[in-house]
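Visitor: Before I ask anything, here is the structure I am working with.
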Amino acid sequence: MVRFLLFAAMASTAAAFSSSFAPGSSCIARTYSSSTSTLSMKLYDWKRRTADESELNDVENTEFTFDNLRPAPGASKRKERKGRGISAGQGATCGFGMRGQKSRSGRPTRAGFEGGQQPLYRRLPKFVGRPTGPGHSKTTYNIIKLDALNGAAPGDTVNFESLLSSKAITKSKYGIHKIVVGSEEFTAKDITVQAHAFTKSARAAIESAGGTCQLVKRTTGEVITE
């Protein structure tokens with residue numbers, strides 16, 4: 001009889017406990033309704049929340065000068081005090097470890113050293129005959145040979161555009177042009193040649209044939225009066 005009463009009491013207790021946590025019960029509904037929050041600010045912007053930025057937000061009446069410029073709250077960080085004990089964050093070994101070449105004082109390796117493997121400055125190809133640096137600039141011209149001017153009639157003005165339109169030469173990737181002596185004989189007479197540069201032999205050949213050499217500017221293309 002005692003066992004039966006004890007079993008009945010346990011069953012009623014379990015039923016009451018399960019009914020209190022059943023879906024749709026008032027207890028759970030009250031728990032959900034009380035967990036809503038209106039907090040929408042970030043978690044780590046406590047410095048900005050407590051800062052007074054009313055003057056900065058008033059753009060119409062605020063003029064930024066060197067006197068009122070300052071970093072945003074929380075933007076500036078205190079520097080790390082290395083070598084000042086363990087509690088400093090970078091204390092005992094300052095972030096360099098306890099042993100090894102890189103933990104020793106002084107510069108452990110020279111600049112460009114990569115641990116023994118072939119360094120970058122030795123892996124890259126060398127441009128022989130083309131030094132770089134201050135005072136080592138070279139102007140690259142589009143070369144026009146004198147035999148390309150043989151089709152010009154006496155009295156004509158010849159330049160890169162006229163030669164290209166007459167298909168005496170092909171287009172070039174360089175914007176400045178230089179007249180040089182070609183392999184064939186120069187036969188044009190009494191022509192005016194316009195280019196950015198002339199070799200001495202090419203100028204002598206043009207002028208000996210009664211022609212004229214005119215230098216033009218690299219930027220505007222205007223004729224330079226000598």
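Residue numbering restarts at 1 in every chain; chains get A, B, ... in the order shown in the structure tokens, and ligands count up from 1 in that same order.
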Skip Ser183 in chain A itself and residues of its chain fewer than 4 positions away, then list as a PyMOL selection string all residues within 12 Å of it, counting only C-alpha atoms.

Guide: chain A and resi 144-148+202

Visitor: Using only C-alpha atoms for the distances, tell me which of A:Thr192, A:Phe198, A:Gly97, A:Lys82 is nearest to Ile179 in chain A.

Guide: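 Once distances to Ile179 in chain A are computed over only C-alpha atoms, the minimum belongs to A:Phe198.
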
Visitor: Neighbouring residues of range 214-219 of chain A were defined as those with any atom within 9 Å, considering only C-alpha atoms; residues of the same chain fewer than 2 positions away were excluded. Please report them as a list in words.

Guide: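 Listed by chain and then number, they are Gly175, Ile176, Thr192, Val193, Gln194, Ala195, His196, Ala197, Phe198, Thr212, Gly221, Glu222, Val223, Ile224, Thr225 and Glu226 of chain A.
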
Visitor: Okay, now the selection with N, CA, C and O atoms, as a CSV table (one decimal), in the first residue's frame?

Guide:
```
chain,number,residue,atom,x,y,z
A,175,GLY,N,56.1,57.3,-79.9
A,175,GLY,CA,55.6,58.6,-80.3
A,175,GLY,C,56.6,59.6,-80.9
A,175,GLY,O,56.2,60.6,-81.4
A,176,ILE,N,57.8,59.3,-80.7
A,176,ILE,CA,58.9,60.2,-81.3
A,176,ILE,C,59.6,59.5,-82.3
A,176,ILE,O,59.9,58.3,-82.2
A,192,THR,N,61.2,68.7,-97.6
A,192,THR,CA,61.3,69.2,-96.2
A,192,THR,C,60.9,68.1,-95.3
A,192,THR,O,59.7,67.5,-95.4
A,193,VAL,N,61.8,67.7,-94.5
A,193,VAL,CA,61.6,66.5,-93.6
A,193,VAL,C,61.4,67.0,-92.2
A,193,VAL,O,62.2,67.8,-91.7
A,194,GLN,N,60.3,66.6,-91.5
A,194,GLN,CA,60.0,66.9,-90.1
A,194,GLN,C,60.1,65.7,-89.3
A,194,GLN,O,59.4,64.7,-89.5
A,195,ALA,N,60.9,65.8,-88.2
A,195,ALA,CA,61.1,64.7,-87.3
A,195,ALA,C,61.5,65.2,-85.9
A,195,ALA,O,61.9,66.4,-85.8
A,196,HIS,N,61.6,64.4,-85.0
A,196,HIS,CA,62.0,64.8,-83.6
A,196,HIS,C,63.5,64.7,-83.5
A,196,HIS,O,64.1,65.4,-82.6
A,197,ALA,N,64.2,64.0,-84.3
A,197,ALA,CA,65.7,63.9,-84.3
A,197,ALA,C,66.2,63.4,-85.6
A,197,ALA,O,65.5,62.7,-86.4
A,198,PHE,N,67.5,63.8,-85.9
A,198,PHE,CA,68.1,63.4,-87.1
A,198,PHE,C,69.6,63.0,-86.7
A,198,PHE,O,70.2,63.6,-85.9
A,212,THR,N,65.5,70.2,-96.6
A,212,THR,CA,65.5,70.9,-95.3
A,212,THR,C,65.1,70.0,-94.2
A,212,THR,O,64.1,69.2,-94.3
A,221,GLY,N,54.2,68.8,-81.4
A,221,GLY,CA,54.4,68.6,-82.8
A,221,GLY,C,54.7,69.9,-83.6
A,221,GLY,O,54.8,69.8,-84.8
A,222,GLU,N,54.9,71.0,-82.9
A,222,GLU,CA,55.1,72.3,-83.6
A,222,GLU,C,56.6,72.3,-84.1
A,222,GLU,O,57.5,71.7,-83.5
A,223,VAL,N,56.8,73.0,-85.1
A,223,VAL,CA,58.2,73.1,-85.7
A,223,VAL,C,59.0,74.0,-84.8
A,223,VAL,O,58.6,75.1,-84.5
A,224,ILE,N,60.2,73.6,-84.5
A,224,ILE,CA,61.1,74.4,-83.7
A,224,ILE,C,61.9,75.3,-84.6
A,224,ILE,O,62.7,74.8,-85.5
A,225,THR,N,61.8,76.6,-84.4
A,225,THR,CA,62.5,77.5,-85.2
A,225,THR,C,63.9,77.7,-84.7
A,225,THR,O,64.1,78.0,-83.5
A,226,GLU,N,64.9,77.5,-85.5
A,226,GLU,CA,66.3,77.6,-85.1
A,226,GLU,C,66.8,79.0,-85.2
A,226,GLU,O,66.4,79.7,-86.1
```

Visitor: Please determine, counting only C-alpha atoms, which residue among A:Asp58, A:Ala92, A:Tyr174, A:Ala188 has the shortest atom-to-atom distance to Thr139 in chain A.

Guide: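 Smallest distance to Thr139 in chain A is found for A:Tyr174.
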
Visitor: Record the distance separating CA of Phe64 in chain A and CA of Arg78 in chain A, expressed in Å with one decimal.

Guide: 25.2 Å

Visitor: Mind giving me the straight-line distance from CA of Gln101 in chain A to CA of Gln117 in chain A in Å, one decimal?

Guide: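 Going from CA of Gln101 in chain A over to CA of Gln117 in chain A covers 16.8 Å.
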
Visitor: May I have the residues within 12 Å of Leu149 in chain A as a PyMOL selection string, using only C-alpha atoms and disregarding those fewer than 5 positions away in the same chain?

Guide: chain A and resi 144+154+156-160+162-164+166-169+179-182+184-194+202+205-206+211

Visitor: DSSP on the backbone: which residues in range 103-210 of chain A end up as strand (DSSP E)? Give the answer as a list in words.

Guide: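 Going through range 103-210 of chain A, the strand (DSSP E) residues come out as Asn142, Ile143, Ile144, Lys145, Thr157, Val158, His177, Lys178, Ile179, Val180, Thr192, Val193, Gln194, Ala195, Ala197 and Phe198 of chain A.
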
Visitor: Take the selection from the previous step and output its residues with C-alpha atoms, as a short mmCIF file (atom, residue, chain, number, x, y, z; two decimals), in the first residue's frame.

Guide:
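Final file, part03.cif:
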```
data_model
loop_
_atom_site.label_atom_id
_atom_site.label_comp_id
_atom_site.auth_asym_id
_atom_site.auth_seq_id
_atom_site.Cartn_x
_atom_site.Cartn_y
_atom_site.Cartn_z
CA ASN A 142 60.93 55.13 -83.85
CA ILE A 143 63.53 54.71 -86.58
CA ILE A 144 62.66 56.03 -90.07
CA LYS A 145 65.19 55.23 -92.78
CA THR A 157 56.76 68.19 -96.66
CA VAL A 158 57.39 64.72 -95.27
CA HIS A 177 60.63 59.58 -84.57
CA LYS A 178 64.24 59.76 -85.73
CA ILE A 179 65.59 59.87 -89.28
CA VAL A 180 68.59 57.63 -89.95
CA THR A 192 61.26 69.20 -96.23
CA VAL A 193 61.58 66.50 -93.58
CA GLN A 194 60.00 66.94 -90.14
CA ALA A 195 61.06 64.68 -87.27
CA ALA A 197 65.68 63.91 -84.27
CA PHE A 198 68.15 63.41 -87.12
#
```

Visitor: Write out as an NGL selection string the set of residues from range 63-153 of chain A that DSSP, computed on the backbone, places in alpha helix (DSSP H).

Guide: :A and (120-123)

Visitor: Would you save the residues from that selection as a CSV table (one decimal), in the first residue's frame, using N, CA and C atoms?

Guide:
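Saved the output as again.csv:
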```csv
chain,number,residue,atom,x,y,z
A,120,LEU,N,65.8,37.1,-53.8
A,120,LEU,CA,65.0,37.7,-54.9
A,120,LEU,C,65.9,38.5,-55.8
A,121,TYR,N,66.9,39.2,-55.3
A,121,TYR,CA,67.7,40.1,-56.2
A,121,TYR,C,68.6,39.2,-57.0
A,122,ARG,N,68.8,37.9,-56.7
A,122,ARG,CA,69.6,37.1,-57.6
A,122,ARG,C,68.7,36.2,-58.5
A,123,ARG,N,67.4,36.1,-58.2
A,123,ARG,CA,66.5,35.3,-59.0
A,123,ARG,C,66.0,36.2,-60.2
```
